[in-house]
$ cat my_file-v4.txt   # compact mmCIF, C-alpha atoms and all ligand atoms
# COMPACT_ATOMS: atom_id res chain seq x y z
CA MET A 1 102.63 157.75 90.90
CA ALA A 2 102.90 154.85 93.32
CA ARG A 3 99.47 153.37 93.78
CA ARG A 4 98.60 151.66 97.05
CA PRO A 5 97.60 148.04 96.34
CA LEU A 6 94.07 146.93 97.23
CA MET A 7 92.97 143.34 97.71
CA ALA A 8 89.20 142.99 97.87
CA GLY A 9 87.38 139.81 98.88
CA ASN A 10 84.00 139.35 97.22
CA TRP A 11 82.24 136.73 99.31
CA LYS A 12 79.22 136.60 96.98
CA MET A 13 76.26 134.62 98.41
CA PHE A 14 78.33 132.65 100.90
CA LYS A 15 78.55 132.65 104.72
CA THR A 16 76.02 133.11 107.48
CA VAL A 17 76.58 135.76 110.13
CA SER A 18 78.48 133.41 112.44
CA GLU A 19 80.58 132.00 109.60
CA SER A 20 81.38 135.56 108.50
CA VAL A 21 82.42 136.57 112.00
CA ASP A 22 84.67 133.49 112.25
CA LEU A 23 86.40 134.27 108.99
CA VAL A 24 86.91 137.94 109.69
CA LYS A 25 88.30 137.27 113.18
CA LYS A 26 90.98 135.14 111.56
CA LEU A 27 91.72 137.82 108.96
CA LYS A 28 91.91 140.56 111.56
CA ASP A 29 94.60 138.52 113.25
CA SER A 30 96.53 137.32 110.22
CA LEU A 31 96.53 140.74 108.55
CA SER A 32 97.31 142.80 111.63
CA GLY A 33 100.88 143.66 110.60
CA VAL A 34 100.04 144.66 107.03
CA LYS A 35 100.72 148.35 106.44
CA ASP A 36 101.63 149.17 102.86
CA ARG A 37 98.49 147.82 101.20
CA ASP A 38 94.74 147.79 101.72
CA ALA A 39 92.62 144.73 102.49
CA LEU A 40 88.85 144.82 102.03
CA VAL A 41 86.13 142.25 102.67
CA CYS A 42 82.68 142.36 101.05
CA PRO A 43 80.40 139.92 102.92
CA PRO A 44 76.68 139.48 102.20
CA PHE A 45 74.38 142.27 103.45
CA THR A 46 73.14 140.25 106.43
CA ALA A 47 76.65 139.97 107.90
CA LEU A 48 77.86 143.56 107.35
CA ALA A 49 77.01 145.00 110.75
CA ALA A 50 78.43 142.05 112.68
CA VAL A 51 81.61 142.01 110.60
CA SER A 52 81.99 145.75 111.05
CA GLU A 53 81.90 145.28 114.81
CA VAL A 54 84.71 142.68 114.65
CA LEU A 55 86.79 144.87 112.34
CA LYS A 56 86.80 147.89 114.66
CA GLY A 57 90.37 149.00 115.24
CA SER A 58 91.69 146.76 112.47
CA ALA A 59 93.28 147.71 109.16
CA VAL A 60 90.83 145.56 107.20
CA THR A 61 88.01 147.61 105.67
CA LEU A 62 84.43 146.71 104.83
CA GLY A 63 82.44 146.90 101.61
CA ALA A 64 79.18 145.68 100.12
CA GLN A 65 78.55 143.77 96.91
CA ASN A 66 75.78 145.95 95.49
CA MET A 67 73.38 148.78 96.35
CA ASN A 68 70.22 150.35 95.01
CA ASP A 69 70.39 153.38 92.70
CA ASN A 70 68.06 155.50 94.86
CA VAL A 71 68.64 157.36 98.11
CA GLN A 72 65.63 155.74 99.79
CA GLY A 73 62.03 154.85 99.05
CA ALA A 74 59.54 152.12 98.28
CA PHE A 75 61.93 149.58 96.73
CA THR A 76 61.08 146.31 98.41
CA GLY A 77 64.08 144.08 99.01
CA GLU A 78 66.68 146.74 98.16
CA ILE A 79 69.50 148.31 100.20
CA SER A 80 70.44 152.00 100.07
CA PRO A 81 73.93 153.52 100.16
CA ALA A 82 73.15 155.21 103.50
CA MET A 83 72.25 151.82 104.96
CA LEU A 84 75.62 150.47 103.83
CA LYS A 85 77.46 153.38 105.41
CA ASP A 86 75.45 152.93 108.58
CA ALA A 87 76.49 149.24 108.63
CA GLY A 88 80.14 150.30 108.45
CA CYS A 89 80.92 150.06 104.72
CA ALA A 90 83.48 152.27 103.03
CA TYR A 91 83.31 150.57 99.62
CA VAL A 92 80.68 149.09 97.33
CA ILE A 93 81.18 146.76 94.35
CA LEU A 94 79.10 147.92 91.38
CA GLY A 95 78.27 146.25 88.07
CA HIS A 96 79.83 142.90 88.86
CA SER A 97 79.42 140.61 85.86
CA GLU A 98 77.02 138.41 87.84
CA ARG A 99 74.82 141.49 88.39
CA ARG A 100 75.08 142.37 84.71
CA GLN A 101 74.36 138.80 83.59
CA TYR A 102 71.69 137.57 86.03
CA TYR A 103 70.05 140.85 87.10
CA PHE A 104 70.32 142.69 83.79
CA GLU A 105 72.34 145.61 85.08
CA THR A 106 73.34 147.96 82.28
CA ASP A 107 76.16 150.49 82.03
CA ALA A 108 73.55 153.23 82.49
CA LEU A 109 72.38 151.73 85.78
CA VAL A 110 75.96 151.16 86.97
CA ASN A 111 76.69 154.79 86.08
CA LYS A 112 73.74 156.01 88.15
CA LYS A 113 74.80 153.84 91.09
CA CYS A 114 78.39 155.03 90.78
CA LYS A 115 77.40 158.71 90.98
CA LEU A 116 75.10 158.04 93.92
CA ALA A 117 77.75 156.02 95.79
CA LEU A 118 80.20 158.90 95.41
CA GLU A 119 77.63 161.47 96.53
CA GLN A 120 76.92 159.35 99.58
CA GLY A 121 80.57 158.91 100.50
CA LEU A 122 81.14 155.31 99.42
CA THR A 123 84.06 154.29 97.21
CA PRO A 124 82.72 152.41 94.19
CA ILE A 125 84.57 149.43 92.73
CA VAL A 126 83.23 149.43 89.18
CA CYS A 127 83.56 146.12 87.36
CA VAL A 128 84.11 145.68 83.63
CA GLY A 129 85.13 142.69 81.54
CA GLU A 130 84.40 140.79 78.36
CA GLN A 131 82.63 137.45 77.94
CA LEU A 132 84.38 134.46 76.38
CA ALA A 133 82.56 134.81 73.03
CA GLU A 134 83.56 138.48 72.88
CA ARG A 135 87.22 137.65 73.52
CA GLU A 136 87.15 134.90 70.93
CA ALA A 137 85.62 137.30 68.42
CA GLY A 138 88.47 139.77 69.04
CA ARG A 139 86.11 142.25 70.67
CA THR A 140 87.72 142.57 74.12
CA PHE A 141 88.89 146.17 73.65
CA PRO A 142 85.68 147.66 72.22
CA VAL A 143 83.59 145.88 74.87
CA VAL A 144 85.76 147.11 77.73
CA GLU A 145 85.95 150.60 76.22
CA SER A 146 82.19 150.92 76.05
CA GLN A 147 81.77 149.61 79.62
CA VAL A 148 84.34 152.10 80.94
CA LYS A 149 82.73 155.00 79.08
CA GLY A 150 79.19 153.90 79.94
CA SER A 151 79.83 153.20 83.62
CA LEU A 152 82.00 156.23 84.38
CA GLY A 153 80.60 158.79 81.92
CA GLY A 154 79.65 162.17 83.35
CA LEU A 155 81.83 161.93 86.45
CA THR A 156 83.99 164.94 87.22
CA PRO A 157 87.74 164.24 87.27
CA GLU A 158 87.58 164.74 91.03
CA GLN A 159 84.88 162.06 91.35
CA ALA A 160 86.71 159.72 88.97
CA GLY A 161 89.78 160.09 91.17
CA LYS A 162 87.89 158.30 93.95
CA VAL A 163 86.75 155.33 91.85
CA VAL A 164 88.38 151.90 91.76
CA VAL A 165 87.96 149.90 88.55
CA ALA A 166 88.06 146.10 88.45
CA TYR A 167 88.83 144.32 85.19
CA GLU A 168 87.27 140.88 85.38
CA PRO A 169 87.21 138.81 82.20
CA VAL A 170 83.95 136.90 82.62
CA TRP A 171 85.50 133.68 81.31
CA ALA A 172 87.99 133.71 84.19
CA ILE A 173 85.47 134.16 87.03
CA GLY A 174 85.00 131.03 89.12
CA THR A 175 86.40 128.87 86.33
CA GLY A 176 89.95 128.37 87.58
CA LYS A 177 91.03 129.88 84.26
CA THR A 178 93.03 133.02 85.06
CA ALA A 179 93.97 135.52 82.41
CA THR A 180 97.72 135.32 81.95
CA PRO A 181 99.57 138.26 83.50
CA ASP A 182 100.24 139.55 79.97
CA GLN A 183 96.60 139.28 78.93
CA ALA A 184 95.52 141.11 82.07
CA GLN A 185 98.22 143.77 81.80
CA GLU A 186 97.22 144.51 78.21
CA VAL A 187 93.63 145.29 79.19
CA HIS A 188 94.64 147.16 82.36
CA ALA A 189 96.88 149.45 80.30
CA PHE A 190 94.01 149.95 77.85
CA VAL A 191 91.61 150.87 80.68
CA ARG A 192 94.15 153.29 82.15
CA ASP A 193 94.61 154.87 78.75
CA TRP A 194 90.84 155.45 78.48
CA ILE A 195 90.68 156.86 82.00
CA GLY A 196 93.37 159.31 80.91
CA ARG A 197 91.42 160.35 77.81
CA LEU A 198 88.24 160.83 79.83
CA PHE A 199 89.59 162.43 83.01
CA GLY A 200 93.22 163.43 82.43
CA SER A 201 96.54 161.73 82.94
CA SER A 202 96.96 162.44 86.65
CA ILE A 203 93.62 160.76 87.40
CA ALA A 204 94.66 157.81 85.22
CA ASP A 205 98.04 157.54 86.97
CA GLY A 206 96.43 157.47 90.39
CA MET A 207 93.55 155.12 89.61
CA ARG A 208 93.63 151.69 91.19
CA ILE A 209 92.71 149.03 88.64
CA LEU A 210 92.12 145.58 90.15
CA TYR A 211 92.24 142.27 88.32
CA GLY A 212 89.57 139.67 89.08
CA GLY A 213 88.95 136.14 87.86
CA SER A 214 90.39 133.08 89.63
CA VAL A 215 92.96 135.04 91.62
CA LYS A 216 94.69 132.49 93.86
CA PRO A 217 97.70 132.38 96.21
CA ASP A 218 99.76 130.81 93.43
CA ASN A 219 99.08 133.38 90.71
CA ILE A 220 98.82 136.65 92.64
CA ASP A 221 102.56 137.38 92.61
CA SER A 222 102.88 137.22 88.85
CA LEU A 223 99.74 139.31 88.37
CA MET A 224 100.96 141.96 90.82
CA ALA A 225 104.30 142.13 89.06
CA GLN A 226 102.51 143.79 86.12
CA LYS A 227 102.79 147.52 86.04
CA ASP A 228 99.11 148.39 85.63
CA ILE A 229 97.67 145.78 88.02
CA ASP A 230 97.07 147.42 91.38
CA GLY A 231 95.28 144.69 93.26
CA GLY A 232 92.75 141.91 93.06
CA LEU A 233 89.01 141.34 93.30
CA VAL A 234 88.98 137.87 94.74
CA GLY A 235 85.96 135.55 94.89
CA GLY A 236 86.49 131.89 95.82
CA ALA A 237 89.92 132.34 97.40
CA SER A 238 88.64 135.11 99.69
CA LEU A 239 86.46 132.59 101.56
CA LYS A 240 89.48 130.93 103.17
CA ALA A 241 91.47 132.98 105.68
CA GLU A 242 94.77 131.38 104.74
CA ASP A 243 94.36 131.93 101.00
CA PHE A 244 93.14 135.51 101.28
CA THR A 245 95.93 136.33 103.74
CA ARG A 246 98.52 135.01 101.31
CA ILE A 247 96.93 137.03 98.51
CA VAL A 248 97.00 140.24 100.54
CA LYS A 249 100.63 139.49 101.43
CA PHE A 250 101.63 139.07 97.75
CA LEU A 251 105.32 139.42 96.96
CA SER A 252 106.28 139.69 100.61
P1 LIG A 301 86.69 134.22 91.51
O1 LIG A 301 85.64 135.46 91.49
O2 LIG A 301 87.92 134.73 92.20
O3 LIG A 301 85.99 133.13 92.27
O4 LIG A 301 86.96 133.87 90.08
C1 LIG A 301 86.06 136.76 91.25
C2 LIG A 301 84.88 137.70 91.22
O5 LIG A 301 83.82 137.33 90.74
O6 LIG A 301 84.97 138.86 91.67
$ encode --input "my_file-v4.txt" --output "structure tokens" --more "lines below"
Ligand code: PGA
Amino acid sequence: MARRPLMAGNWKMFKTVSESVDLVKKLKDSLSGVKDRDALVCPPFTALAAVSEVLKGSAVTLGAQNMNDNVQGAFTGEISPAMLKDAGCAYVILGHSERRQYYFETDALVNKKCKLALEQGLTPIVCVGEQLAEREAGRTFPVVESQVKGSLGGLTPEQAGKVVVAYEPVWAIGTGKTATPDQAQEVHAFVRDWIGRLFGSSIADGMRILYGGSVKPDNIDSLMAQKDIDGGLVGGASLKAEDFTRIVKFLS
């Protein structure tokens, strides 16, 4: 099955509202002719509504970087899935390694968020990936396997068919050290194989699996040439209109 590529920009904790609006105006322009692939931006919460306004009528879609695992309630400082939808989001990144590392998010929590996001009509981008010590100890596959099972367990095949997975080796995030296309492909194929065992081969064939970790204009083409890499989750390079545009326009 031909999978439609998805390039997602994860802006992390960068950009004020006016800086966000500036960047997204440029992207709206530079990406206006792009038709055969999806482009997504995930600004900080404070900029979502303003960015959504700018993106009206454009092909670029909007997502958030996190959400709470409850529908609503007394959870000071948290943001609900309905609030994200109301602000114009179609996607939400879940279980990013920075959330797992600094905010102690577990597979069980990511799983709960994933189910809630789906129930509330948001497309989850569920992140998995091994740390450097785990790779060096030869534990990449068991670590990724348990994250995939733990984060996506209990979904119906129909729900799983709506999920996007991002493989982000933690040692490649923000370090300038990209996994080689072969290293990435190997894990992507492994993830797809597990998706097949859990949800069936047609779900596995259709699932978009993104690579993240120092994706740049000069390495995106070789990553996208791999058969199981369906897009990118891009941090640093998504903060510059020119770089993100080039990434979205890979191999063209
Ligand atoms: P990076 O971040 O592209 O800056 O390495 C990727 C990510 O954390 O999603």
$ residues_around --input "my_file-v4.txt" --residues "range 21-31 of chain A" --least-positions-apart "4" --cutoff "9 Å" --atoms "only C-alpha atoms" --output "PyMOL selection string"
chain A and resi 16-17+35+39+41+47+50-51+54-55+58-60+239-242+244-245+248-249
$ atom_distance --input "my_file-v4.txt" --atom1 "CA of Gly121 in chain A" --atom2 "CA of Val165 in chain A"
16.7 Å
$ closest_atom_pairs --input "my_file-v4.txt" --of "chain A" --to "ligand LIG 301 (chain A)" --cutoff "10 Å" --atoms "all atoms listed in the file" --output "tab-separated table"
residue	atom	partner	partner_atom	distance
A:Ala8	CA	A:LIG301	O6	8.6
A:Gly9	CA	A:LIG301	O6	7.7
A:Asn10	CA	A:LIG301	O6	5.7
A:Trp11	CA	A:LIG301	O6	8.4
A:Lys12	CA	A:LIG301	O5	7.8
A:Gln65	CA	A:LIG301	O6	9.6
A:Ile93	CA	A:LIG301	O6	9.2
A:His96	CA	A:LIG301	O5	7.1
A:Ser97	CA	A:LIG301	O5	7.3
A:Glu98	CA	A:LIG301	O5	7.5
A:Cys127	CA	A:LIG301	O6	8.6
A:Ala166	CA	A:LIG301	O6	8.5
A:Tyr167	CA	A:LIG301	O6	9.3
A:Glu168	CA	A:LIG301	O6	7.0
A:Pro169	CA	A:LIG301	O4	9.3
A:Val170	CA	A:LIG301	O5	8.1
A:Trp171	CA	A:LIG301	O4	8.9
A:Ala172	CA	A:LIG301	O4	6.0
A:Ile173	CA	A:LIG301	O4	3.4
A:Gly174	CA	A:LIG301	O4	3.6
A:Thr175	CA	A:LIG301	O4	6.3
A:Gly176	CA	A:LIG301	O4	6.7
A:Lys177	CA	A:LIG301	O4	8.1
A:Thr178	CA	A:LIG301	O4	7.9
A:Leu210	CA	A:LIG301	O6	9.9
A:Tyr211	CA	A:LIG301	O6	8.7
A:Gly212	CA	A:LIG301	C1	5.0
A:Gly213	CA	A:LIG301	O4	3.7
A:Ser214	CA	A:LIG301	O4	3.5
A:Val215	CA	A:LIG301	O2	5.1
A:Lys216	CA	A:LIG301	O2	7.3
A:Gly232	CA	A:LIG301	O6	8.5
A:Leu233	CA	A:LIG301	O6	5.0
A:Val234	CA	A:LIG301	O2	4.2
A:Gly235	CA	A:LIG301	O1	3.4
A:Gly236	CA	A:LIG301	O3	3.8
A:Ala237	CA	A:LIG301	O2	6.1
A:Ser238	CA	A:LIG301	O2	7.5
A:Leu239	CA	A:LIG301	O3	9.3
$ atom_distance --input "my_file-v4.txt" --atom1 "CA of Gln101 in chain A" --atom2 "CA of Ala179 in chain A"
19.9 Å
$ residues_around --input "my_file-v4.txt" --residues "Glu145 in chain A" --least-positions-apart "6" --cutoff "12 Å" --atoms "all atoms listed in the file" --output "short mmCIF file (atom, residue, chain, number, x, y, z; two decimals) with C-alpha atoms, keeping the file's coordinate frame"
data_model
loop_
_atom_site.label_atom_id
_atom_site.label_comp_id
_atom_site.auth_asym_id
_atom_site.auth_seq_id
_atom_site.Cartn_x
_atom_site.Cartn_y
_atom_site.Cartn_z
CA ASP A 107 76.16 150.49 82.03
CA VAL A 128 84.11 145.68 83.63
CA GLY A 129 85.13 142.69 81.54
CA GLU A 130 84.40 140.79 78.36
CA ARG A 139 86.11 142.25 70.67
CA SER A 151 79.83 153.20 83.62
CA LEU A 152 82.00 156.23 84.38
CA GLY A 153 80.60 158.79 81.92
CA TYR A 167 88.83 144.32 85.19
CA VAL A 187 93.63 145.29 79.19
CA HIS A 188 94.64 147.16 82.36
CA ALA A 189 96.88 149.45 80.30
CA PHE A 190 94.01 149.95 77.85
CA VAL A 191 91.61 150.87 80.68
CA ARG A 192 94.15 153.29 82.15
CA ASP A 193 94.61 154.87 78.75
CA TRP A 194 90.84 155.45 78.48
CA ILE A 195 90.68 156.86 82.00
CA ARG A 197 91.42 160.35 77.81
CA LEU A 198 88.24 160.83 79.83
#
$ atom_distance --input "my_file-v4.txt" --atom1 "CA of Val92 in chain A" --atom2 "CA of Leu122 in chain A"
6.6 Å
$ closest_residue --input "my_file-v4.txt" --among "A:Ile247, A:Ile79, A:Met7, A:Ala74" --to "Leu48 in chain A" --atoms "only C-alpha atoms"
A:Ile79
$ closest_residue --input "my_file-v4.txt" --among "A:Ser52, A:Thr156, A:Ser20, A:Ser80" --to "Ala117 in chain A" --atoms "only C-alpha atoms"
A:Ser80
$ closest_residue --input "my_file-v4.txt" --among "A:Gln147, A:Ser201, A:Ala160, A:Ile220" --to "Thr180 in chain A" --atoms "all atoms listed in the file"
A:Ile220
$ closest_residue --input "my_file-v4.txt" --among "A:Lys149, A:Arg4, A:Lys85, A:Arg100" --to "Gln120 in chain A" --atoms "all atoms listed in the file"
A:Lys85
$ closest_residue --input "my_file-v4.txt" --among "A:Pro124, A:Gly95, A:Pro181, A:Gly138" --to "Gln159 in chain A" --atoms "all atoms listed in the file"
A:Pro124
$ residues_around --input "my_file-v4.txt" --residues "Leu251 in chain A" --least-positions-apart "6" --cutoff "10 Å" --atoms "all atoms listed in the file" --output "number ranges by chain"
A: 220-222, 224-225
$ residues_around --input "my_file-v4.txt" --residues "Gln72 in chain A" --least-positions-apart "3" --cutoff "10 Å" --atoms "all atoms listed in the file" --output "PDB file with C-alpha atoms, in the frame of the given file"
ATOM      1  CA  ASN A  68      70.220 150.350  95.010  1.00  0.00           C
ATOM      2  CA  ASP A  69      70.390 153.380  92.700  1.00  0.00           C
ATOM      3  CA  PHE A  75      61.930 149.580  96.730  1.00  0.00           C
ATOM      4  CA  GLU A  78      66.680 146.740  98.160  1.00  0.00           C
ATOM      5  CA  ILE A  79      69.500 148.310 100.200  1.00  0.00           C
ATOM      6  CA  SER A  80      70.440 152.000 100.070  1.00  0.00           C
ATOM      7  CA  PRO A  81      73.930 153.520 100.160  1.00  0.00           C
ATOM      8  CA  ALA A  82      73.150 155.210 103.500  1.00  0.00           C
ATOM      9  CA  MET A  83      72.250 151.820 104.960  1.00  0.00           C
TER      10      MET A  83
END
$ closest_residue --input "my_file-v4.txt" --among "A:Gly200, A:Pro5, A:Gly77, A:Gly150" --to "Val110 in chain A" --atoms "only C-alpha atoms"
A:Gly150
$ axis_aligned_box --input "my_file-v4.txt" --around "range 2-11 of chain A" --padding-each-side "8 Å" --output "JSON"
{"center_x": 92.6, "center_y": 145.8, "center_z": 96.3, "size_x": 36.7, "size_y": 34.1, "size_z": 22.0}
